[in-house]
Structures are given as structure tokens and as C-alpha cells.
file entry.pdb (PDB, C-alpha atoms (C1' of nucleotides))
ATOM      1  CA  MET A   1       0.000   0.000   0.000
ATOM      2  CA  GLN A   2       1.142   3.438  -0.930
ATOM      3  CA  HIS A   3       1.766   5.515   2.154
ATOM      4  CA  THR A   4       2.002   9.291   2.245
ATOM      5  CA  PRO A   5       5.647  10.335   2.365
ATOM      6  CA  GLN A   6       6.182  12.034   5.698
ATOM      7  CA  MET A   7       8.894  13.987   7.368
ATOM      8  CA  ARG A   8      11.052  11.768   9.488
ATOM      9  CA  LEU A   9      11.957  12.915  12.970
ATOM     10  CA  THR A  10      15.683  12.425  12.669
ATOM     11  CA  THR A  11      18.071  12.953  15.551
ATOM     12  CA  GLN A  12      19.125  16.255  14.023
ATOM     13  CA  ARG A  13      15.561  17.522  13.793
ATOM     14  CA  GLN A  14      14.716  16.361  17.265
ATOM     15  CA  ILE A  15      17.688  18.143  18.803
ATOM     16  CA  ILE A  16      17.098  21.336  16.827
ATOM     17  CA  LEU A  17      13.531  21.331  18.091
ATOM     18  CA  GLU A  18      14.582  20.605  21.667
ATOM     19  CA  GLU A  19      17.215  23.315  21.755
ATOM     20  CA  LEU A  20      14.859  25.841  20.215
ATOM     21  CA  GLY A  21      12.251  24.961  22.836
ATOM     22  CA  LYS A  22      14.709  25.525  25.663
ATOM     23  CA  VAL A  23      15.184  29.201  25.014
ATOM     24  CA  THR A  24      12.781  32.107  25.176
ATOM     25  CA  SER A  25      14.982  34.246  23.005
ATOM     26  CA  HIS A  26      14.440  34.119  19.285
ATOM     27  CA  PRO A  27      17.686  32.746  17.967
ATOM     28  CA  THR A  28      18.997  33.200  14.464
ATOM     29  CA  ALA A  29      19.856  30.139  12.402
ATOM     30  CA  ASN A  30      23.463  30.552  13.357
ATOM     31  CA  GLU A  31      22.675  30.709  17.057
ATOM     32  CA  VAL A  32      20.630  27.541  16.741
ATOM     33  CA  TYR A  33      23.576  25.972  14.962
ATOM     34  CA  ASP A  34      25.856  26.857  17.871
ATOM     35  CA  MET A  35      23.413  25.484  20.414
ATOM     36  CA  VAL A  36      22.857  22.247  18.537
ATOM     37  CA  ARG A  37      26.540  21.735  17.822
ATOM     38  CA  LYS A  38      27.240  21.275  21.514
ATOM     39  CA  ARG A  39      25.262  18.055  21.346
ATOM     40  CA  LEU A  40      25.862  17.122  17.727
ATOM     41  CA  PRO A  41      29.308  18.433  16.870
ATOM     42  CA  ARG A  42      29.222  17.099  13.326
ATOM     43  CA  ILE A  43      25.941  18.681  12.233
ATOM     44  CA  GLY A  44      26.166  20.921   9.190
ATOM     45  CA  LEU A  45      25.001  24.503   9.064
ATOM     46  CA  GLY A  46      23.058  23.642   5.934
ATOM     47  CA  THR A  47      21.147  20.985   7.844
ATOM     48  CA  VAL A  48      20.125  23.537  10.446
ATOM     49  CA  TYR A  49      18.939  25.989   7.808
ATOM     50  CA  ARG A  50      17.142  23.297   5.831
ATOM     51  CA  ASN A  51      15.331  21.927   8.843
ATOM     52  CA  LEU A  52      14.392  25.257  10.379
ATOM     53  CA  GLU A  53      12.901  26.185   7.041
ATOM     54  CA  LEU A  54      11.154  22.835   6.744
ATOM     55  CA  MET A  55       9.756  22.957  10.252
ATOM     56  CA  SER A  56       8.456  26.468   9.815
ATOM     57  CA  ASP A  57       6.773  25.399   6.585
ATOM     58  CA  THR A  58       4.924  22.630   8.381
ATOM     59  CA  GLY A  59       4.026  24.975  11.249
ATOM     60  CA  MET A  60       6.049  23.184  13.922
ATOM     61  CA  ILE A  61       7.960  26.376  14.617
ATOM     62  CA  LEU A  62       7.630  30.051  13.719
ATOM     63  CA  LYS A  63       9.920  31.913  11.374
ATOM     64  CA  LEU A  64      10.199  35.597  12.261
ATOM     65  CA  GLU A  65      11.037  37.953   9.475
ATOM     66  CA  VAL A  66      11.488  40.977  11.644
ATOM     67  CA  GLY A  67      13.827  43.884  11.170
ATOM     68  CA  GLY A  68      17.538  43.343  11.177
ATOM     69  CA  THR A  69      19.460  41.301   8.702
ATOM     70  CA  GLN A  70      18.790  37.788   9.936
ATOM     71  CA  LYS A  71      15.794  35.533  10.157
ATOM     72  CA  ARG A  72      14.902  34.332  13.633
ATOM     73  CA  PHE A  73      13.058  31.273  14.857
ATOM     74  CA  ASP A  74      10.623  30.652  17.670
ATOM     75  CA  ALA A  75       9.330  27.425  19.166
ATOM     76  CA  THR A  76       6.151  29.194  20.316
ATOM     77  CA  VAL A  77       3.754  28.876  17.410
ATOM     78  CA  ALA A  78       0.795  30.732  18.917
ATOM     79  CA  PRO A  79       0.684  34.170  17.280
ATOM     80  CA  HIS A  80       2.140  36.959  19.360
ATOM     81  CA  TYR A  81       3.971  40.235  18.906
ATOM     82  CA  HIS A  82       7.622  41.068  19.275
ATOM     83  CA  ILE A  83       9.943  43.803  20.362
ATOM     84  CA  ARG A  84      13.435  44.320  19.043
ATOM     85  CA  CYS A  85      16.206  46.196  20.798
ATOM     86  CA  LEU A  86      17.593  48.829  18.469
ATOM     87  CA  SER A  87      20.939  48.684  20.207
ATOM     88  CA  CYS A  88      21.779  44.986  20.561
ATOM     89  CA  GLY A  89      19.242  43.447  18.176
ATOM     90  CA  LYS A  90      17.720  41.106  20.752
ATOM     91  CA  VAL A  91      14.113  40.084  20.119
ATOM     92  CA  ASP A  92      11.582  39.358  22.881
ATOM     93  CA  ASP A  93       7.895  38.568  23.067
ATOM     94  CA  VAL A  94       5.395  41.256  24.006
ATOM     95  CA  ASP A  95       2.526  39.924  26.025
ATOM     96  CA  ILE A  96      -0.360  42.009  24.766
ATOM     97  CA  PRO A  97      -3.533  40.647  23.199
ATOM     98  CA  MET A  98      -3.802  40.187  19.464
ATOM     99  CA  ILE A  99      -5.650  42.947  17.680
ATOM    100  CA  SER A 100      -8.082  40.789  15.795
ATOM    101  CA  ASP A 101     -10.019  43.570  14.083
ATOM    102  CA  ILE A 102      -7.097  45.014  12.307
ATOM    103  CA  ASN A 103      -6.967  42.579   9.414
ATOM    104  CA  ARG A 104     -10.530  43.444   8.486
ATOM    105  CA  ILE A 105      -9.852  47.162   8.727
ATOM    106  CA  ALA A 106      -6.829  46.800   6.506
ATOM    107  CA  ALA A 107      -8.722  44.610   4.055
ATOM    108  CA  ASP A 108     -11.212  47.436   3.503
ATOM    109  CA  LYS A 109      -8.431  49.845   2.680
ATOM    110  CA  SER A 110      -6.258  47.679   0.496
ATOM    111  CA  LYS A 111      -6.492  45.706  -2.713
ATOM    112  CA  TYR A 112      -4.516  42.889  -1.165
ATOM    113  CA  GLN A 113      -5.991  39.680   0.099
ATOM    114  CA  ILE A 114      -4.912  39.999   3.715
ATOM    115  CA  LEU A 115      -3.580  36.844   5.303
ATOM    116  CA  GLY A 116      -2.132  38.109   8.555
ATOM    117  CA  HIS A 117      -0.247  40.810  10.324
ATOM    118  CA  HIS A 118       2.606  41.242  12.687
ATOM    119  CA  ILE A 119       3.462  44.070  15.046
ATOM    120  CA  GLU A 120       7.051  44.749  15.849
ATOM    121  CA  PHE A 121       7.894  47.221  18.554
ATOM    122  CA  THR A 122      11.287  48.832  18.637
ATOM    123  CA  GLY A 123      13.010  50.127  21.701
ATOM    124  CA  LEU A 124      15.838  49.563  24.085
ATOM    125  CA  CYS A 125      16.134  46.489  26.249
ATOM    126  CA  HIS A 126      16.879  46.781  29.934
ATOM    127  CA  ASP A 127      20.595  46.220  29.527
ATOM    128  CA  CYS A 128      20.998  48.642  26.666
ATOM    129  CA  SER A 129      18.939  51.446  28.172
ATOM    130  CA  SER A 130      21.079  51.317  31.325
ATOM    131  CA  VAL A 131      24.184  51.650  29.212
ATOM    132  CA  GLU A 132      22.806  54.519  27.170
ATOM    133  CA  GLU A 133      22.276  56.554  30.313
ATOM    134  CA  LYS A 134      26.016  56.684  30.671
ATOM    135  CA  VAL A 135      27.133  56.671  27.065
ATOM    136  CA  SER A 136      25.010  59.105  25.114
ATOM    137  CA  ILE A 137      24.573  58.258  21.467
ATOM    138  CA  ASN A 138      23.891  61.456  19.568
TER     139      ASN A 138
ATOM    140  CA  MET B 139      34.925  81.082  12.009
ATOM    141  CA  GLN B 140      34.200  77.466  12.709
ATOM    142  CA  HIS B 141      31.124  76.327  10.882
ATOM    143  CA  THR B 142      29.129  73.177  11.596
ATOM    144  CA  PRO B 143      30.078  70.457   9.147
ATOM    145  CA  GLN B 144      26.995  69.661   7.110
ATOM    146  CA  MET B 145      25.902  67.113   4.581
ATOM    147  CA  ARG B 146      26.401  68.419   1.114
ATOM    148  CA  LEU B 147      23.598  67.961  -1.390
ATOM    149  CA  THR B 148      25.662  66.427  -4.141
ATOM    150  CA  THR B 149      24.277  65.613  -7.564
ATOM    151  CA  GLN B 150      24.202  61.945  -6.608
ATOM    152  CA  ARG B 151      22.185  62.611  -3.461
ATOM    153  CA  GLN B 152      19.816  64.919  -5.219
ATOM    154  CA  ILE B 153      19.065  62.414  -7.947
ATOM    155  CA  ILE B 154      18.660  59.515  -5.524
ATOM    156  CA  LEU B 155      16.160  61.623  -3.607
ATOM    157  CA  GLU B 156      14.317  62.670  -6.752
ATOM    158  CA  GLU B 157      14.031  59.160  -8.113
ATOM    159  CA  LEU B 158      12.882  57.791  -4.778
ATOM    160  CA  GLY B 159      10.234  60.506  -4.615
ATOM    161  CA  LYS B 160       8.913  59.584  -8.045
ATOM    162  CA  VAL B 161       7.737  56.123  -7.088
ATOM    163  CA  THR B 162       5.127  54.925  -4.647
ATOM    164  CA  SER B 163       6.643  51.476  -4.458
ATOM    165  CA  HIS B 164       9.240  50.831  -1.811
ATOM    166  CA  PRO B 165      12.333  50.056  -3.825
ATOM    167  CA  THR B 166      15.308  48.096  -2.572
ATOM    168  CA  ALA B 167      18.747  49.657  -2.730
ATOM    169  CA  ASN B 168      19.398  47.794  -5.943
ATOM    170  CA  GLU B 169      16.202  49.053  -7.541
ATOM    171  CA  VAL B 170      17.145  52.606  -6.591
ATOM    172  CA  TYR B 171      20.543  51.968  -8.134
ATOM    173  CA  ASP B 172      18.915  50.916 -11.408
ATOM    174  CA  MET B 173      16.648  53.956 -11.427
ATOM    175  CA  VAL B 174      19.439  56.395 -10.680
ATOM    176  CA  ARG B 175      21.827  54.810 -13.145
ATOM    177  CA  LYS B 176      19.637  55.881 -16.051
ATOM    178  CA  ARG B 177      20.523  59.465 -15.218
ATOM    179  CA  LEU B 178      23.977  58.962 -13.703
ATOM    180  CA  PRO B 179      25.441  55.937 -15.461
ATOM    181  CA  ARG B 180      28.726  56.062 -13.578
ATOM    182  CA  ILE B 181      27.314  56.091 -10.037
ATOM    183  CA  GLY B 182      28.563  53.292  -7.809
ATOM    184  CA  LEU B 183      26.320  50.876  -5.974
ATOM    185  CA  GLY B 184      28.209  51.708  -2.804
ATOM    186  CA  THR B 185      27.314  55.359  -3.188
ATOM    187  CA  VAL B 186      23.644  54.451  -3.393
ATOM    188  CA  TYR B 187      23.838  52.291  -0.280
ATOM    189  CA  ARG B 188      25.892  54.867   1.586
ATOM    190  CA  ASN B 189      23.546  57.714   0.813
ATOM    191  CA  LEU B 190      20.315  55.831   1.401
ATOM    192  CA  GLU B 191      21.670  54.885   4.806
ATOM    193  CA  LEU B 192      22.809  58.431   5.488
ATOM    194  CA  MET B 193      19.535  59.989   4.413
ATOM    195  CA  SER B 194      17.530  57.594   6.531
ATOM    196  CA  ASP B 195      19.745  58.440   9.504
ATOM    197  CA  THR B 196      18.978  62.114   9.121
ATOM    198  CA  GLY B 197      15.272  61.410   8.624
ATOM    199  CA  MET B 198      15.080  62.605   5.028
ATOM    200  CA  ILE B 199      13.786  59.211   3.953
ATOM    201  CA  LEU B 200      12.472  56.102   5.660
ATOM    202  CA  LYS B 201      14.300  52.789   5.814
ATOM    203  CA  LEU B 202      11.938  49.827   6.006
ATOM    204  CA  GLU B 203      13.231  46.742   7.692
ATOM    205  CA  VAL B 204      10.315  44.586   6.804
ATOM    206  CA  GLY B 205      10.260  40.897   6.082
ATOM    207  CA  GLY B 206      12.100  39.524   3.137
ATOM    208  CA  THR B 207      15.819  39.587   2.598
ATOM    209  CA  GLN B 208      16.316  43.168   1.483
ATOM    210  CA  LYS B 209      15.974  46.582   3.025
ATOM    211  CA  ARG B 210      13.573  48.925   1.308
ATOM    212  CA  PHE B 211      13.367  52.694   1.185
ATOM    213  CA  ASP B 212      10.523  55.158   1.155
ATOM    214  CA  ALA B 213      10.443  58.872   0.419
ATOM    215  CA  THR B 214       7.319  59.273   2.554
ATOM    216  CA  VAL B 215       8.575  59.933   6.047
ATOM    217  CA  ALA B 216       5.225  60.265   7.818
ATOM    218  CA  PRO B 217       4.689  57.050   9.783
ATOM    219  CA  HIS B 218       2.387  54.558   8.134
ATOM    220  CA  TYR B 219       1.905  50.807   7.883
ATOM    221  CA  HIS B 220       2.834  48.398   5.137
ATOM    222  CA  ILE B 221       1.669  45.248   3.457
ATOM    223  CA  ARG B 222       3.942  42.745   1.782
ATOM    224  CA  CYS B 223       2.909  40.270  -0.871
ATOM    225  CA  LEU B 224       3.961  36.795   0.193
ATOM    226  CA  SER B 225       4.191  35.703  -3.397
ATOM    227  CA  CYS B 226       6.122  38.432  -5.210
ATOM    228  CA  GLY B 227       7.563  40.370  -2.252
ATOM    229  CA  LYS B 228       6.117  43.724  -3.304
ATOM    230  CA  VAL B 229       5.519  46.214  -0.476
ATOM    231  CA  ASP B 230       2.690  48.772  -0.465
ATOM    232  CA  ASP B 231       1.333  51.309   1.987
ATOM    233  CA  VAL B 232      -1.792  50.550   3.993
ATOM    234  CA  ASP B 233      -3.902  53.592   4.542
ATOM    235  CA  ILE B 234      -5.249  52.988   8.017
ATOM    236  CA  PRO B 235      -4.790  55.297  10.992
ATOM    237  CA  MET B 236      -1.882  54.852  13.359
ATOM    238  CA  ILE B 237      -2.735  53.018  16.551
ATOM    239  CA  SER B 238      -1.329  55.520  18.957
ATOM    240  CA  ASP B 239      -2.303  53.749  22.181
ATOM    241  CA  ILE B 240      -0.401  50.630  21.442
ATOM    242  CA  ASN B 241       3.022  51.829  22.507
ATOM    243  CA  ARG B 242       1.744  52.629  25.962
ATOM    244  CA  ILE B 243      -0.008  49.289  26.269
ATOM    245  CA  ALA B 244       3.172  47.509  25.281
ATOM    246  CA  ALA B 245       5.262  49.634  27.627
ATOM    247  CA  ASP B 246       3.189  48.375  30.555
ATOM    248  CA  LYS B 247       3.823  44.789  29.590
ATOM    249  CA  SER B 248       7.492  44.948  28.744
ATOM    250  CA  LYS B 249      10.763  45.861  30.350
ATOM    251  CA  TYR B 250      11.856  47.614  27.218
ATOM    252  CA  GLN B 251      11.874  51.324  26.733
ATOM    253  CA  ILE B 252       9.481  51.471  23.784
ATOM    254  CA  LEU B 253      10.427  53.867  21.018
ATOM    255  CA  GLY B 254       8.026  52.933  18.278
ATOM    256  CA  HIS B 255       6.192  50.216  16.457
ATOM    257  CA  HIS B 256       5.475  49.046  12.995
ATOM    258  CA  ILE B 257       2.694  46.893  11.638
ATOM    259  CA  GLU B 258       3.322  44.748   8.623
ATOM    260  CA  PHE B 259       0.437  42.977   6.995
ATOM    261  CA  THR B 260       1.052  39.984   4.823
ATOM    262  CA  GLY B 261      -1.112  38.835   2.005
ATOM    263  CA  LEU B 262      -1.388  38.517  -1.718
ATOM    264  CA  CYS B 263      -1.367  41.472  -4.058
ATOM    265  CA  HIS B 264      -3.958  41.778  -6.774
ATOM    266  CA  ASP B 265      -1.743  40.280  -9.466
ATOM    267  CA  CYS B 266      -0.604  37.364  -7.371
ATOM    268  CA  SER B 267      -4.011  36.432  -6.009
ATOM    269  CA  SER B 268      -5.374  36.245  -9.561
ATOM    270  CA  VAL B 269      -2.580  33.880 -10.492
ATOM    271  CA  GLU B 270      -3.064  31.681  -7.459
ATOM    272  CA  GLU B 271      -6.653  31.061  -8.415
ATOM    273  CA  LYS B 272      -5.382  29.150 -11.414
ATOM    274  CA  VAL B 273      -2.160  27.682 -10.095
ATOM    275  CA  SER B 274      -2.787  26.207  -6.669
ATOM    276  CA  ILE B 275       0.273  26.236  -4.454
ATOM    277  CA  ASN B 276       0.054  23.151  -2.293
TER     278      ASN B 276
ATOM    279  C1'  DT C 277      20.286  -8.388   1.568
ATOM    280  C1'  DT C 278      19.050  -4.882  -1.381
ATOM    281  C1'  DG C 279      16.666  -1.051  -3.741
ATOM    282  C1'  DT C 280      14.665   3.452  -2.997
ATOM    283  C1'  DG C 281      13.995   7.808  -1.425
ATOM    284  C1'  DA C 282      14.784  10.884   2.403
ATOM    285  C1'  DT C 283      18.372  13.038   4.717
ATOM    286  C1'  DC C 284      22.943  14.131   5.901
ATOM    287  C1'  DA C 285      27.741  16.824   6.147
ATOM    288  C1'  DG C 286      30.672  19.650   3.951
ATOM    289  C1'  DG C 287      31.885  22.819   0.837
ATOM    290  C1'  DA C 288      30.961  25.810  -3.137
ATOM    291  C1'  DA C 289      28.013  29.316  -4.854
ATOM    292  C1'  DT C 290      24.974  33.274  -4.493
ATOM    293  C1'  DA C 291      22.906  37.549  -2.878
ATOM    294  C1'  DA C 292      22.885  41.602  -0.203
ATOM    295  C1'  DT C 293      25.528  44.656   2.066
ATOM    296  C1'  DT C 294      29.568  46.923   3.897
ATOM    297  C1'  DA C 295      34.490  48.235   4.068
ATOM    298  C1'  DC C 296      38.366  50.036   1.987
ATOM    299  C1'  DC C 297      41.117  53.119  -0.750
ATOM    300  C1'  DA C 298      42.922  56.145  -4.120
ATOM    301  C1'  DC C 299      41.148  59.841  -6.506
ATOM    302  C1'  DT C 300      38.057  64.012  -7.214
ATOM    303  C1'  DC C 301      35.595  67.930  -5.956
ATOM    304  C1'  DA C 302      33.829  71.934  -3.276
ATOM    305  C1'  DT C 303      34.934  75.116  -0.148
ATOM    306  C1'  DA C 304      37.552  78.239   2.898
ATOM    307  C1'  DC C 305      41.467  80.706   3.485
ATOM    308  C1'  DC C 306      45.390  82.966   1.942
TER     309       DC C 306
ATOM    310  C1'  DG D 307      43.833  82.752  -8.625
ATOM    311  C1'  DG D 308      46.408  79.063  -5.820
ATOM    312  C1'  DT D 309      46.065  75.507  -2.484
ATOM    313  C1'  DA D 310      45.174  72.841   1.767
ATOM    314  C1'  DT D 311      41.442  70.203   3.742
ATOM    315  C1'  DG D 312      37.912  67.226   4.365
ATOM    316  C1'  DA D 313      33.648  65.365   2.351
ATOM    317  C1'  DG D 314      32.266  62.487  -1.210
ATOM    318  C1'  DT D 315      32.843  59.230  -5.081
ATOM    319  C1'  DG D 316      33.541  54.922  -7.853
ATOM    320  C1'  DG D 317      35.544  50.533  -8.141
ATOM    321  C1'  DT D 318      36.773  46.541  -5.948
ATOM    322  C1'  DA D 319      37.432  43.399  -2.171
ATOM    323  C1'  DA D 320      35.582  41.487   1.885
ATOM    324  C1'  DT D 321      31.874  40.039   4.836
ATOM    325  C1'  DT D 322      27.570  38.104   6.105
ATOM    326  C1'  DA D 323      23.571  35.322   5.647
ATOM    327  C1'  DT D 324      21.692  31.940   3.091
ATOM    328  C1'  DT D 325      21.012  28.460  -0.461
ATOM    329  C1'  DC D 326      22.628  24.976  -3.581
ATOM    330  C1'  DC D 327      25.136  20.862  -4.867
ATOM    331  C1'  DT D 328      27.248  16.350  -4.345
ATOM    332  C1'  DG D 329      28.370  12.103  -2.886
ATOM    333  C1'  DA D 330      27.672   9.390   1.293
ATOM    334  C1'  DT D 331      24.496   7.448   4.719
ATOM    335  C1'  DC D 332      20.265   5.910   6.801
ATOM    336  C1'  DA D 333      15.520   3.822   7.464
ATOM    337  C1'  DC D 334      12.325   1.079   5.710
ATOM    338  C1'  DA D 335       9.983  -2.246   2.842
ATOM    339  C1'  DA D 336      10.122  -6.060  -0.349
TER     340       DA D 336
END

call {"tool": "encode", "arguments": {"input": "entry.pdb", "output": "C-alpha cells"}}
result
Amino acid sequence: MQHTPQMRLTTQRQIILEELGKVTSHPTANEVYDMVRKRLPRIGLGTVYRNLELMSDTGMILKLEVGGTQKRFDATVAPHYHIRCLSCGKVDDVDIPMISDINRIAADKSKYQILGHHIEFTGLCHDCSSVEEKVSIN
Amino acid sequence: MQHTPQMRLTTQRQIILEELGKVTSHPTANEVYDMVRKRLPRIGLGTVYRNLELMSDTGMILKLEVGGTQKRFDATVAPHYHIRCLSCGKVDDVDIPMISDINRIAADKSKYQILGHHIEFTGLCHDCSSVEEKVSIN
DNA sequence: TTGTGATCAGGAATAATTACCACTCATACC
DNA sequence: GGTATGAGTGGTAATTATTCCTGATCACAA
């Protein structure tokens, strides 16, 4: 009998998923690579990229295309908003409710077929705003 | 007498600004380069990058760090929201009012010093949603 | 076992951006 | 007008993030 080809849960995938679940930060592919390499020293960077991409396609994880130059990944799949530190680039969750109306409002004003939205706050994280008190950045 | 060093409005800068002002799309640095090159064939790509960065630092233009791999630039500096086509990557403005309360709400829930926010809708532009009706993407 | 397709590691290739450097240009001062 | 100075330029090299390619390996079913 023909069976539907399915994604195998290889050791590599399992460990990527585990390591991503351990952290509340939103690591870049390279940071995930570093984390995973401690347990699987021979894993390839390409494998990490391929599997992060694959897992975000299937909805197992979230791919964040926020500001900054790198993509970031998140084991929390429930939709939520983010804040990015303008100084160090760190990304954290913001625990405010989803604005559910906004897609409809935007749909009225746009010719696009709206599929979703994301809010990204920008600011300074605790560490960076303490530093900036001392070192002004004109 | 010492005078404050100021940014000179060179021909290159002027033309970059003019070309950016002509379009309502949100061109990438490379697209700006192509536009400007029609009038200044010898301009360097580095000059375009350097000046777009510089002009966004001084607030003359807006740098959009939206999803996708490239930075985009906008001659409209008044804050507004954007929508990005998931299929072709095009970015357009969304003409809905700013949600002014949201920064304060987020500030209550976060340890960050909030400086601003941006909403990015995702969806399909008119062209792409017509295509997808015919060519399903599963 | 053995064939098949999914997956892997490693490295090469690509794309976007930035850094560097020698040269040019505008300006201020003589 | 000459010229020193620093801002700006163009071309190229380097860097960064990501994707692609290839041959080897693995899991599973016949």
C-alpha cells in the first residue's frame, strides 16, 4: 500500500527542536547551529537551515522575518507580537492581546488579500537602556 | 569662524532623492541603483547604499526593515503601515490610521523602553491572487 | 540483503551589504 | 587665482547570511 511520504523525525531535527524549545529568546539560524553543535558536533550549518525552514513550513515552529538582517526562529507557534532592541538586536515577546479587528480594517483599505499581520515594537532592552544613560549616542 | 560640518547635497544625493520621490513602491537599494543609473550611469552601488543609509539616519527618507531579505526605502517619512505580498515580495502602503495607544499598552507589559512600532500585513497582491486562483500552491 | 527515497555533512556558490582606498571635488582661506 | 582640507565618489574586495550541490548514509519495505 502506498503511504504518504512524511517527514522523518531524525536525531538532528529532534535536537534542533529541543534546543529551540529551551530558550525564550528568538535565535537566528546561526545561534541555533551553535546550540545544537554542543550536542551534535558534526551537524552541518546547511542541515540547520534546511530543517528550520522545513519545520516552519509545516508549522512546527515560527519563522520571524522581523527587522535586522537575519531571520529568527521561535518554538512558540501561537501568534504573538515582538519587540526588538535597536541597540543589541535582541528580540523578545510582548505579552499584549492580538488585535483581531485590524486585518478586516486593513482589508477594507487595500487591494490585497490579507492573510495576517505582525506588530514589531522597537526600543531599548533593559541592559541597553542602562548603558545609554552613561554613554550618550547622539 | 568654525562652521558646523553639514551634509552636502551632491548631484548623486539629489538624484537619488528625486528618483525615490517619483515612485510609490518601496524600492530596494538595488532598484534605486537601477533607477538612478539611467541618469547617472557612472554612479557606484556603494554610493547608493551609503547615501540611502545616510539619508535615513537624518530622517530625510524612511528605511523599512520589513520581512524579506532586502531593506527597502521610502520617500514618505510620515509614519504609516505596510503590506507585503507573500508571493512576489512587493511592499505597499496601507492607509489605516496609526494606533497611537499601542506603545503605551506595550510599555506596561514589557521591560523595554518602547520607542516605536510598525505593523506589517502579509497577504497577496492583486496580481498574485489572480494567479493563485489558477495555479494552486500546495 | 538490497533497492529506494529521504536526509545528511561539507563545501561551493549566491545575494545583499559593507568596508576600503585612491582619486576628485567643493569650499575656505590665503 | 592658488592651495590645503575634508567630504564624497567609484571601483573593488571582503563580509555576512543563506542556499545549492554532491556524494555518502540511513531507514524502511520487499

call {"tool": "residues_around", "arguments": {"input": "entry.pdb", "residues": "DA336 of chain D", "least_positions_apart": "6", "cutoff": "12 Å", "atoms": "only C-alpha atoms (C1' of nucleotides)", "output": "PyMOL selection string"}}
result
(chain A and resi 1) or (chain C and resi 277-280)

call {"tool": "atom_distance", "arguments": {"input": "entry.pdb", "atom1": "atom C1' of DG329 of chain D", "atom2": "atom CA of Ile16 of chain A"}}
result
24.5 Å

call {"tool": "resolve_selection", "arguments": {"input": "entry.pdb", "expression": "the PyMOL selection byres ((chain A) within 9 of (chain C))", "output": "list in words"}}
result
Met7, Arg8, Thr10, Arg42, Ile43, Gly44, Leu45, Gly46 and Thr47 of chain A

call {"tool": "axis_aligned_box", "arguments": {"input": "entry.pdb", "around": "segment 292-299 of chain C", "padding_each_side": "8 Å", "output": "AutoDock Vina command-line options"}}
result
--center_x 32.9 --center_y 50.7 --center_z -1.2 --size_x 36.0 --size_y 34.2 --size_z 26.6

call {"tool": "interface_residues", "arguments": {"input": "entry.pdb", "of": "chain A", "to": "chain D", "cutoff": "10 Å", "atoms": "all atoms listed in the file", "output": "list in words"}}
result
Arg8, Thr10, Ala29, Asn30, Gly46, Tyr49, Arg50, Thr69, Gln70 and Lys71 of chain A

call {"tool": "resolve_selection", "arguments": {"input": "entry.pdb", "expression": "the PyMOL selection byres ((chain A) within 10 of (chain B))", "output": "PyMOL selection string"}}
result
chain A and resi 64-71+81-86+92-97+102-103+105-129

call {"tool": "write_last_selection", "arguments": {"input": "entry.pdb", "atoms": "C-alpha atoms", "output": "mmCIF file, in the coordinates of the input"}}
result
data_model
loop_
_atom_site.group_PDB
_atom_site.id
_atom_site.type_symbol
_atom_site.label_atom_id
_atom_site.label_comp_id
_atom_site.auth_asym_id
_atom_site.auth_seq_id
_atom_site.Cartn_x
_atom_site.Cartn_y
_atom_site.Cartn_z
ATOM 1 C CA LEU A 64 10.199 35.597 12.261
ATOM 2 C CA GLU A 65 11.037 37.953 9.475
ATOM 3 C CA VAL A 66 11.488 40.977 11.644
ATOM 4 C CA GLY A 67 13.827 43.884 11.170
ATOM 5 C CA GLY A 68 17.538 43.343 11.177
ATOM 6 C CA THR A 69 19.460 41.301 8.702
ATOM 7 C CA GLN A 70 18.790 37.788 9.936
ATOM 8 C CA LYS A 71 15.794 35.533 10.157
ATOM 9 C CA TYR A 81 3.971 40.235 18.906
ATOM 10 C CA HIS A 82 7.622 41.068 19.275
ATOM 11 C CA ILE A 83 9.943 43.803 20.362
ATOM 12 C CA ARG A 84 13.435 44.320 19.043
ATOM 13 C CA CYS A 85 16.206 46.196 20.798
ATOM 14 C CA LEU A 86 17.593 48.829 18.469
ATOM 15 C CA ASP A 92 11.582 39.358 22.881
ATOM 16 C CA ASP A 93 7.895 38.568 23.067
ATOM 17 C CA VAL A 94 5.395 41.256 24.006
ATOM 18 C CA ASP A 95 2.526 39.924 26.025
ATOM 19 C CA ILE A 96 -0.360 42.009 24.766
ATOM 20 C CA PRO A 97 -3.533 40.647 23.199
ATOM 21 C CA ILE A 102 -7.097 45.014 12.307
ATOM 22 C CA ASN A 103 -6.967 42.579 9.414
ATOM 23 C CA ILE A 105 -9.852 47.162 8.727
ATOM 24 C CA ALA A 106 -6.829 46.800 6.506
ATOM 25 C CA ALA A 107 -8.722 44.610 4.055
ATOM 26 C CA ASP A 108 -11.212 47.436 3.503
ATOM 27 C CA LYS A 109 -8.431 49.845 2.680
ATOM 28 C CA SER A 110 -6.258 47.679 0.496
ATOM 29 C CA LYS A 111 -6.492 45.706 -2.713
ATOM 30 C CA TYR A 112 -4.516 42.889 -1.165
ATOM 31 C CA GLN A 113 -5.991 39.680 0.099
ATOM 32 C CA ILE A 114 -4.912 39.999 3.715
ATOM 33 C CA LEU A 115 -3.580 36.844 5.303
ATOM 34 C CA GLY A 116 -2.132 38.109 8.555
ATOM 35 C CA HIS A 117 -0.247 40.810 10.324
ATOM 36 C CA HIS A 118 2.606 41.242 12.687
ATOM 37 C CA ILE A 119 3.462 44.070 15.046
ATOM 38 C CA GLU A 120 7.051 44.749 15.849
ATOM 39 C CA PHE A 121 7.894 47.221 18.554
ATOM 40 C CA THR A 122 11.287 48.832 18.637
ATOM 41 C CA GLY A 123 13.010 50.127 21.701
ATOM 42 C CA LEU A 124 15.838 49.563 24.085
ATOM 43 C CA CYS A 125 16.134 46.489 26.249
ATOM 44 C CA HIS A 126 16.879 46.781 29.934
ATOM 45 C CA ASP A 127 20.595 46.220 29.527
ATOM 46 C CA CYS A 128 20.998 48.642 26.666
ATOM 47 C CA SER A 129 18.939 51.446 28.172
#

call {"tool": "closest_residue", "arguments": {"input": "entry.pdb", "among": "B:Asp172, B:Asp212, B:Asp239, B:Asp195", "to": "Leu158 of chain B", "atoms": "only C-alpha atoms"}}
result
B:Asp212

call {"tool": "atom_distance", "arguments": {"input": "entry.pdb", "atom1": "atom CA of Val131 of chain A", "atom2": "atom CA of Leu200 of chain B"}}
result
26.7 Å

call {"tool": "atom_distance", "arguments": {"input": "entry.pdb", "atom1": "atom CA of His80 of chain A", "atom2": "atom CA of Ile61 of chain A"}}
result
13.0 Å
